[in-house]
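K.L.:
One structure is given below, represented as structure tokens, and several questions about it will come after.
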Number of protein chains: 2
Amino acid sequence: MTDSRHGGQPSSPTPRVRLVDVAREAGLSKTTVSAALNGTGRLSPEVREKARETARRMGYRPNATARQLRAGRARLIGYVVGELVDAPWTFLESPYFARLTGATAATALARGYAVVLLPAGSLQREWAELPLDAVVVADPAADDPIVEELLAARIPVFSDRSVEGRPGAHWVDVDGAAAVRASLDHLWEQGARRPALVTPDSTTRFHSGVFAAYHAWCAEHGVSEWVVRAAAPGNGPVVRAVETALVGGPETGGERPDALFVVAEASPPLVLEAARRHGYEVPRDLLLVCVSEDVTALHTDPAVTTLSLRPHDVAQAGIELLVAVLEHGHLQPSGVLVPTELEVRASSVRHGQTEWTSRPPT
Amino acid sequence: MTDSRHGGQPSSPTPRVRLVDVAREAGLSKTTVSAALNGTGRLSPEVREKARETARRMGYRPNATARQLRAGRARLIGYVVGELVDAPWTFLESPYFARLTGATAATALARGYAVVLLPAGSLQREWAELPLDAVVVADPAADDPIVEELLAARIPVFSDRSVEGRPGAHWVDVDGAAAVRASLDHLWEQGARRPALVTPDSTTRFHSGVFAAYHAWCAEHGVSEWVVRAAAPGNGPVVRAVETALVGGPETGGERPDALFVVAEASPPLVLEAARRHGYEVPRDLLLVCVSEDVTALHTDPAVTTLSLRPHDVAQAGIELLVAVLEHGHLQPSGVLVPTELEVRASSVRHGQTEWTSRPPT
DNA sequence: TTGAAAGCGCTAACAT
DNA sequence: ATGTTAGCGCTTTCAA
């Protein structure tokens, strides 16, 4: 044998130090060094120290892949945002998904799992090469085959409630219906009688739930519906939808709305500005609630009331569920419902009342 | 032998189908099936088809970890944003880093590398377990030891120019000095004579470069400096810094600035609003340029001129460099300088001139 | 054209 | 208390 390294790439200048190298150098066996380094086995303190010292001196770094192979799992989880299949990488520009992504990565890492970013609408080419223990699919579009593909590949999936009941799939969701009711109830209490809804034209579970809840609420309160759908995501289309909502329409009997519930993601300052352009003074003529995680809502005048979907809580609940399933073998499909939080600020309080915060009942 | 599976986790209900299972089922050897599936070797079409068909029928999925071990690399790269070491996961809330991150993941994936999200200021505990072929460190803080740690672990690092010359480190950077000059020149051409600078209190290479370039430019033009540093990142502190800049100070001889160059990240609508609150009409009394990737800049009135740091180009250049180094063994430290782009809009054009876009010379 | 066997680097069961 | 050895699942010589 001329060279002990077979496969692999054009060898680096200095080949990497392996466990066996350390063992030979220290005059010990692989087992002993491995046990010394991992704190397992029963070794004399001297031997343990010698092994550790030799490893340190030689700059030994265990080969993660070999460990993973041995361990049978890679502690790697995929992360996909299903919305916007055609623009797969724009999700990070949404404050909600930015936070969800950050919180997911942080929580997962704290539990020993690393997160890899994957594109929506994947043709499985991307993740087939990766040793994924599970995949988080945030807000899958209704027609995205990715969940099916993953389940077919026997990879556990963590997603929203749309996967409920599928074997191998688990879910975390926000209580969208409760959130909508809490927001509309709040507007009602503040005197709003013609609340308009602006929503994206999305196939996401959350958004259809929002629409249904708005519909039901309006029926209950004997209020006529006034829904405007944004033609596309993004500030431009959403602001235009806001403007359409503000001028009113046949459904409102020619009357302008007295409150706006914006569920499509848009910059709060821009929404406020649109209201001003159309002659509204907020909150005097128009109460405003935006579903948003955008921190600029705090810095406008008046500050904008937001319904927070609590991405941090969603991420945390999701990863906790994932760890439970992966490590304690909860094989039954399971789910968690996370409460939202209405953060009431000046934009939705009629009489200059003091700010307060309420959590809707769960 | 009672059970052929030794290590590993509490076994799943159905153990995974391995190559050897397919081989046995098809009455072939591992070698043949492997070659059939990978399109390698010289096999008769019938045998190849039989192997493929059997694999498909059994739902065979190759074990990614085993392949990686064999291949000697995992095609996995780490991604760290060095800024904000104390709030390691907030970077995604910045439009610049959101885009940089998305573009990095997208480009890397297109080249066959997956990206894992890592926290800044890592004590190496997180990534030691991961088979990383390389790590991208975006905008490292000057005192972050992570670059040193990675290089000590012989993991190639791709970062900004601050790592220039270090063996194993490669860089991509934007031409910050040219960008500042282009912006200030533009303001000068539009008549500004007292341009104020708002910058974060950051140890990032980019921001110290910006300050130096501003300093030099002011000297060249015989203009007095007026720099305000935001106490912290985030819209609140930056807007306060903007307000401080707007009222002027001793350095300006009591005069208010006639232009504002905001390098700290803030929401353009909020900056504009702050100017209005202080009695400026933009662009009549104040020319405004923000370093920002925030798309809301397009939707204000007037639209805000931005200096784009072109995160997409930075990411692309970085990944291309990474692939070149990893796959073609460019061992010499190397670097790429990416041009910025001043996107001129109404907020910095004095006489209602038509909009145009310029690219500074590189 | 196909198959047997070695080996990637590591851990753990089983000797000694 | 320490060492020997098998084996994680795959790819790739090399021999038949």
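Letters A, B, ... mark the chains of the structure tokens in the order given; residue numbers begin at 1 per chain; ligand numbers begin at 1, in order shown.
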Return as a PyMOL selection string the full set of residues in range 193-240 of chain B whose backbone-based DSSP assignment is alpha helix (DSSP H).

P.N.:
chain B and resi 205-220+235-240

K.L.:
List the spatial neighbours of Ala324 in chain A as a list in words - criterion: any atom at most 12 Å away, only C-alpha atoms (C1' of nucleotides), same-chain residues fewer than 5 positions off excluded.

P.N.:
Arg111, Phe158, His170, Ala317, Gly318, Ile319, Gly329, His330, Leu331, Gln332, Pro333, Ser334 and Gly335 of chain A

K.L.:
Against chain B, which residues of chain A fall within 8 Å? For each one I want the closest pair of atoms and the distance in Å (one decimal), counting only C-alpha atoms, rows by chain and increasing residue number, as CSV.

P.N.:
```
residue,atom,partner,partner_atom,distance
A:Gly7,CA,B:Ala71,CA,6.4
A:Gly8,CA,B:Gly72,CA,4.7
A:Gln9,CA,B:Gly72,CA,6.8
A:Gly59,CA,B:Ala153,CA,7.7
A:Arg61,CA,B:Ala153,CA,7.4
A:Asn63,CA,B:Pro131,CA,7.1
A:Ala64,CA,B:Pro131,CA,5.0
A:Thr65,CA,B:Leu69,CA,5.7
A:Ala66,CA,B:Leu69,CA,6.1
A:Gln68,CA,B:Thr65,CA,6.8
A:Leu69,CA,B:Thr65,CA,5.7
A:Arg70,CA,B:Gly7,CA,6.5
A:Ala71,CA,B:Gly8,CA,5.1
A:Gly72,CA,B:Gly8,CA,4.7
A:Arg73,CA,B:Gly8,CA,7.7
A:Ala74,CA,B:Thr65,CA,7.5
A:Trp89,CA,B:Gly102,CA,5.3
A:Thr90,CA,B:Gly102,CA,7.0
A:Leu92,CA,B:Ala98,CA,5.3
A:Glu93,CA,B:Ala98,CA,5.8
A:Pro95,CA,B:Glu93,CA,6.2
A:Ala98,CA,B:Leu92,CA,5.3
A:Arg99,CA,B:Glu93,CA,6.9
A:Gly102,CA,B:Trp89,CA,5.3
A:Ala103,CA,B:Trp89,CA,7.2
A:Ala105,CA,B:Leu117,CA,6.6
A:Ala106,CA,B:Trp89,CA,6.9
A:Leu109,CA,B:Glu126,CA,7.1
A:Gly112,CA,B:Glu126,CA,7.6
A:Ala114,CA,B:Val116,CA,6.5
A:Val115,CA,B:Val116,CA,5.4
A:Val116,CA,B:Val116,CA,4.2
A:Leu117,CA,B:Val115,CA,5.9
A:Leu118,CA,B:Ala105,CA,7.7
A:Pro119,CA,B:Ala106,CA,7.5
A:Glu126,CA,B:Leu109,CA,7.1
A:Ala128,CA,B:Ala64,CA,7.4
A:Glu129,CA,B:Ala64,CA,5.4
A:Leu130,CA,B:Ala64,CA,5.5
A:Pro131,CA,B:Ala64,CA,5.0
A:Ala153,CA,B:Arg61,CA,7.4
A:Asn235,CA,B:Thr296,CA,6.9
A:Gly236,CA,B:His299,CA,6.9
A:Ser267,CA,B:Thr296,CA,7.2
A:Pro269,CA,B:Pro269,CA,6.3
A:Leu270,CA,B:Pro269,CA,7.1
A:Val295,CA,B:Asn235,CA,7.8
A:Thr296,CA,B:Asn235,CA,6.9
A:His299,CA,B:Gly236,CA,6.9
A:Thr300,CA,B:Leu270,CA,7.1
```

K.L.:
Sort by chain and increasing residue number a table of all residues of chain B within 7 Å of chain C, each with its closest pair of atoms and their distance in Å to one decimal, counting only C-alpha atoms (C1' of nucleotides), and write it as CSV.

P.N.:
```
residue,atom,partner,partner_atom,distance
B:Ser29,CA,C:DG3,C1',6.2
B:Thr32,CA,C:DT2,C1',6.9
B:Arg42,CA,C:DT1,C1',6.9
B:Leu43,CA,C:DT1,C1',6.1
B:Ser44,CA,C:DT1,C1',7.0
B:Leu69,CA,C:DC8,C1',5.5
B:Arg70,CA,C:DC8,C1',4.9
```

K.L.:
Export N, CA and C atoms of the chosen residues as a compact mmCIF listing (two decimals), in the first residue's frame?

P.N.:
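The new file part17.txt reads:
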```
# COMPACT_ATOMS: atom_id res chain seq x y z
N SER B 29 -24.96 -7.26 -6.81
CA SER B 29 -24.05 -6.86 -5.73
C SER B 29 -24.20 -5.37 -5.45
N THR B 32 -22.72 -3.17 -8.17
CA THR B 32 -23.50 -3.02 -9.39
C THR B 32 -24.63 -2.03 -9.19
N ARG B 42 -19.50 0.30 -16.31
CA ARG B 42 -20.02 -0.24 -17.57
C ARG B 42 -20.95 -1.40 -17.24
N LEU B 43 -22.24 -1.14 -17.35
CA LEU B 43 -23.24 -2.16 -17.02
C LEU B 43 -24.15 -2.37 -18.22
N SER B 44 -24.67 -3.56 -18.35
CA SER B 44 -25.64 -3.79 -19.41
C SER B 44 -26.90 -3.01 -19.08
N LEU B 69 -18.88 10.85 4.01
CA LEU B 69 -17.68 10.27 4.61
C LEU B 69 -16.77 9.77 3.50
N ARG B 70 -17.39 9.08 2.58
CA ARG B 70 -16.64 8.54 1.46
C ARG B 70 -16.02 9.66 0.62
```

K.L.:
Return the neighbours of chain B among the residues of chain D, cut-off 9 Å, counting only C-alpha atoms (C1' of nucleotides), as a list in words.

P.N.:
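The contacting residues on chain D are DG7, DC8, DG9, DC10, DT11 and DT12 of chain D.
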
K.L.:
Within 9 Å of Gln124 in chain B, counting only C-alpha atoms (C1' of nucleotides), which residues qualify if same-chain residues fewer than 6 places away don't, as a list in words?

P.N.:
Ile146, Glu149 and Leu150 of chain B

K.L.:
Using the selection just defined, write its residues with C-alpha atoms as a PDB file, in the first residue's frame.

P.N.:
```
ATOM      1  CA  ILE B 146     -14.334  33.545  15.391  1.00  0.00           C
ATOM      2  CA  GLU B 149     -10.797  30.024  15.734  1.00  0.00           C
ATOM      3  CA  LEU B 150     -11.921  28.834  12.343  1.00  0.00           C
TER       4      LEU B 150
END
```

K.L.:
Using DSSP on the backbone, list every residue of range 148-198 of chain A that comes out as strand (DSSP E or B), and give them as a ChimeraX atom specification.

P.N.:
/A:157-159,169-174,195-198

K.L.:
Go ahead and compute the interatomic distance for CA of Val22 in chain A and CA of Asn38 in chain A, in Å to one decimal.

P.N.:
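These atoms are spaced 14.1 Å apart.
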
K.L.:
Which residues are close to His207 in chain A, i.e. within 10 Å by only C-alpha atoms (C1' of nucleotides), leaving aside same-chain residues fewer than 5 positions away? Reply as a ChimeraX atom specification.

P.N.:
/A:139,176-177,199-202,212-213,263-264

K.L.:
Keeping only C-alpha atoms, take the residues you just selected and write them out as a PDB file, in the first residue's frame.

P.N.:
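Output file again_0.pdb is given in full below:
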```pdb
ATOM      1  CA  ASP A 139     -46.346  28.258   5.919  1.00  0.00           C
ATOM      2  CA  GLY A 176     -55.499  32.848  13.550  1.00  0.00           C
ATOM      3  CA  ALA A 177     -59.248  32.832  14.074  1.00  0.00           C
ATOM      4  CA  THR A 199     -55.296  40.577   2.864  1.00  0.00           C
ATOM      5  CA  PRO A 200     -52.812  39.035   0.456  1.00  0.00           C
ATOM      6  CA  ASP A 201     -53.943  36.842  -2.372  1.00  0.00           C
ATOM      7  CA  SER A 202     -52.270  33.839  -0.812  1.00  0.00           C
ATOM      8  CA  ALA A 212     -63.040  32.948   7.188  1.00  0.00           C
ATOM      9  CA  ALA A 213     -62.815  34.486  10.645  1.00  0.00           C
ATOM     10  CA  VAL A 263     -53.172  41.419   7.320  1.00  0.00           C
ATOM     11  CA  ALA A 264     -50.930  41.671   4.276  1.00  0.00           C
TER      12      ALA A 264
END
```

K.L.:
Which residues, written as number ranges by chain, have at least one atom at most 12 Å from Asp285 in chain B, with only C-alpha atoms (C1' of nucleotides) counted and residues fewer than 2 positions away on the same chain left out?

P.N.:
B: 190-195, 246, 256-260, 275-276, 278-283, 287-288, 347-351

K.L.:
Keeping only N, CA, C and O atoms, write the selected residues to a file as a tab-separated table (two decimals), in the first residue's frame.

P.N.:
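Listing of result-v5.tsv after writing:
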```tsv
chain	number	residue	atom	x	y	z
B	190	GLN	N	-25.57	68.52	-6.25
B	190	GLN	CA	-26.94	69.00	-6.08
B	190	GLN	C	-26.99	70.23	-5.18
B	190	GLN	O	-28.06	70.68	-4.81
B	191	GLY	N	-25.82	70.71	-4.82
B	191	GLY	CA	-25.79	71.97	-4.10
B	191	GLY	C	-25.54	71.88	-2.62
B	191	GLY	O	-25.48	72.89	-1.93
B	192	ALA	N	-25.40	70.69	-2.10
B	192	ALA	CA	-25.19	70.56	-0.65
B	192	ALA	C	-23.79	71.04	-0.27
B	192	ALA	O	-22.81	70.70	-0.94
B	193	ARG	N	-23.71	71.83	0.79
B	193	ARG	CA	-22.42	72.31	1.25
B	193	ARG	C	-22.15	71.93	2.71
B	193	ARG	O	-21.05	72.08	3.21
B	194	ARG	N	-23.16	71.47	3.37
B	194	ARG	CA	-22.97	71.06	4.78
B	194	ARG	C	-23.59	69.67	4.99
B	194	ARG	O	-24.58	69.53	5.69
B	195	PRO	N	-23.02	68.65	4.37
B	195	PRO	CA	-23.60	67.31	4.50
B	195	PRO	C	-23.21	66.67	5.82
B	195	PRO	O	-22.04	66.56	6.15
B	246	LEU	N	-29.81	66.78	12.58
B	246	LEU	CA	-30.62	67.80	11.92
B	246	LEU	C	-30.59	69.14	12.64
B	246	LEU	O	-30.69	70.19	12.00
B	256	ARG	N	-27.64	74.58	10.44
B	256	ARG	CA	-28.24	73.28	10.21
B	256	ARG	C	-27.66	72.67	8.93
B	256	ARG	O	-27.30	73.40	8.00
B	257	PRO	N	-27.56	71.36	8.88
B	257	PRO	CA	-27.02	70.73	7.67
B	257	PRO	C	-27.99	70.92	6.50
B	257	PRO	O	-29.18	71.12	6.70
B	258	ASP	N	-27.45	70.87	5.29
B	258	ASP	CA	-28.32	70.96	4.12
B	258	ASP	C	-28.40	69.62	3.38
B	258	ASP	O	-29.01	69.52	2.32
B	259	ALA	N	-27.74	68.63	3.96
B	259	ALA	CA	-27.84	67.28	3.40
B	259	ALA	C	-27.53	66.28	4.49
B	259	ALA	O	-26.82	66.59	5.45
B	260	LEU	N	-28.10	65.09	4.33
B	260	LEU	CA	-27.93	64.07	5.34
B	260	LEU	C	-27.53	62.79	4.63
B	260	LEU	O	-28.19	62.36	3.69
B	275	ALA	N	-37.19	64.27	9.44
B	275	ALA	CA	-36.81	65.52	8.80
B	275	ALA	C	-38.00	66.48	8.78
B	275	ALA	O	-37.87	67.67	9.09
B	276	ARG	N	-39.17	65.97	8.45
B	276	ARG	CA	-40.36	66.82	8.41
B	276	ARG	C	-40.65	67.40	9.80
B	276	ARG	O	-40.98	68.57	9.93
B	278	HIS	N	-38.72	68.17	11.97
B	278	HIS	CA	-37.79	69.24	12.31
B	278	HIS	C	-37.87	70.39	11.33
B	278	HIS	O	-36.95	71.23	11.26
B	279	GLY	N	-38.94	70.42	10.56
B	279	GLY	CA	-39.20	71.58	9.74
B	279	GLY	C	-38.49	71.60	8.40
B	279	GLY	O	-38.44	72.64	7.74
B	280	TYR	N	-37.92	70.48	8.01
B	280	TYR	CA	-37.28	70.44	6.69
B	280	TYR	C	-38.27	69.93	5.65
B	280	TYR	O	-39.03	69.01	5.91
B	281	GLU	N	-38.21	70.49	4.48
B	281	GLU	CA	-38.91	69.87	3.38
B	281	GLU	C	-37.84	69.23	2.48
B	281	GLU	O	-36.92	69.91	2.02
B	282	VAL	N	-38.01	67.95	2.28
B	282	VAL	CA	-37.06	67.20	1.45
B	282	VAL	C	-37.61	67.13	0.04
B	282	VAL	O	-38.80	66.82	-0.13
B	283	PRO	N	-36.85	67.43	-0.99
B	283	PRO	CA	-35.42	67.77	-0.99
B	283	PRO	C	-35.12	69.28	-0.95
B	283	PRO	O	-33.97	69.64	-1.03
B	287	LEU	N	-31.19	67.53	1.44
B	287	LEU	CA	-31.01	66.40	0.51
B	287	LEU	C	-30.74	65.17	1.37
B	287	LEU	O	-30.01	65.23	2.36
B	288	LEU	N	-31.32	64.06	0.96
B	288	LEU	CA	-31.21	62.86	1.81
B	288	LEU	C	-30.72	61.67	1.00
B	288	LEU	O	-31.27	61.34	-0.06
B	347	SER	N	-35.36	62.36	-3.30
B	347	SER	CA	-34.96	62.96	-2.02
B	347	SER	C	-33.62	63.66	-2.07
B	347	SER	O	-33.26	64.38	-1.14
B	348	SER	N	-32.84	63.43	-3.14
B	348	SER	CA	-31.53	64.07	-3.19
B	348	SER	C	-31.34	64.87	-4.47
B	348	SER	O	-30.22	65.17	-4.85
B	349	VAL	N	-32.43	65.17	-5.13
B	349	VAL	CA	-32.32	65.93	-6.37
B	349	VAL	C	-33.02	67.27	-6.16
B	349	VAL	O	-34.23	67.33	-5.92
B	350	ARG	N	-32.22	68.33	-6.23
B	350	ARG	CA	-32.71	69.63	-5.80
B	350	ARG	C	-33.86	70.18	-6.64
B	350	ARG	O	-34.88	70.61	-6.12
B	351	HIS	N	-33.72	70.13	-7.95
B	351	HIS	CA	-34.69	70.88	-8.76
B	351	HIS	C	-35.72	70.00	-9.45
B	351	HIS	O	-36.12	70.27	-10.57
```

K.L.:
Report, in Å with one decimal, the straight-line distance from CA of Glu220 in chain A to CA of Gly254 in chain A.

P.N.:
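Rounded to one decimal, the two atoms are 21.9 Å apart.
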
K.L.:
Might you pull out every residue within 8 Å of range 49-53 of chain A, with only C-alpha atoms (C1' of nucleotides) counted and same-chain residues fewer than 5 positions away left off, and present them as a compact mmCIF listing (two decimals) with all heavy atoms, in the first residue's frame?

P.N.:
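Written out: selection00.txt:
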```
# COMPACT_ATOMS: atom_id res chain seq x y z
N VAL A 22 -3.36 10.40 16.58
CA VAL A 22 -3.17 10.78 17.98
C VAL A 22 -2.82 9.55 18.80
O VAL A 22 -1.90 9.56 19.64
CB VAL A 22 -4.45 11.44 18.54
CG1 VAL A 22 -4.28 11.77 20.01
CG2 VAL A 22 -4.80 12.68 17.75
N ALA A 23 -3.55 8.46 18.55
CA ALA A 23 -3.33 7.23 19.31
C ALA A 23 -1.89 6.76 19.13
O ALA A 23 -1.19 6.45 20.11
CB ALA A 23 -4.31 6.16 18.84
N ALA A 26 0.55 8.99 20.92
CA ALA A 26 0.50 8.90 22.38
C ALA A 26 0.84 7.49 22.86
O ALA A 26 0.91 7.24 24.07
CB ALA A 26 -0.88 9.31 22.88
N LEU A 28 -1.10 4.91 22.48
CA LEU A 28 -2.34 4.34 23.03
C LEU A 28 -3.17 3.80 21.87
O LEU A 28 -2.78 3.91 20.71
CB LEU A 28 -3.13 5.44 23.76
CG LEU A 28 -2.45 6.06 25.00
CD1 LEU A 28 -3.17 7.33 25.40
CD2 LEU A 28 -2.41 5.06 26.14
N THR A 32 -8.93 4.10 23.49
CA THR A 32 -8.55 4.84 24.70
C THR A 32 -8.60 6.34 24.46
O THR A 32 -9.15 7.10 25.25
CB THR A 32 -7.13 4.44 25.12
OG1 THR A 32 -7.09 3.01 25.24
CG2 THR A 32 -6.77 5.06 26.44
N VAL A 33 -8.06 6.74 23.32
CA VAL A 33 -8.06 8.17 23.03
C VAL A 33 -9.50 8.66 22.85
O VAL A 33 -9.88 9.71 23.40
CB VAL A 33 -7.24 8.46 21.76
CG1 VAL A 33 -7.30 9.93 21.41
CG2 VAL A 33 -5.80 8.02 21.97
N ALA A 36 -11.04 8.94 26.18
CA ALA A 36 -10.46 10.06 26.92
C ALA A 36 -11.08 11.38 26.46
O ALA A 36 -11.50 12.20 27.27
CB ALA A 36 -8.95 10.09 26.71
N LEU A 37 -11.17 11.51 25.15
CA LEU A 37 -11.68 12.77 24.60
C LEU A 37 -13.17 12.95 24.85
O LEU A 37 -13.65 14.07 25.06
CB LEU A 37 -11.40 12.81 23.10
CG LEU A 37 -10.15 13.56 22.64
CD1 LEU A 37 -9.06 13.53 23.70
CD2 LEU A 37 -9.64 12.99 21.33
```
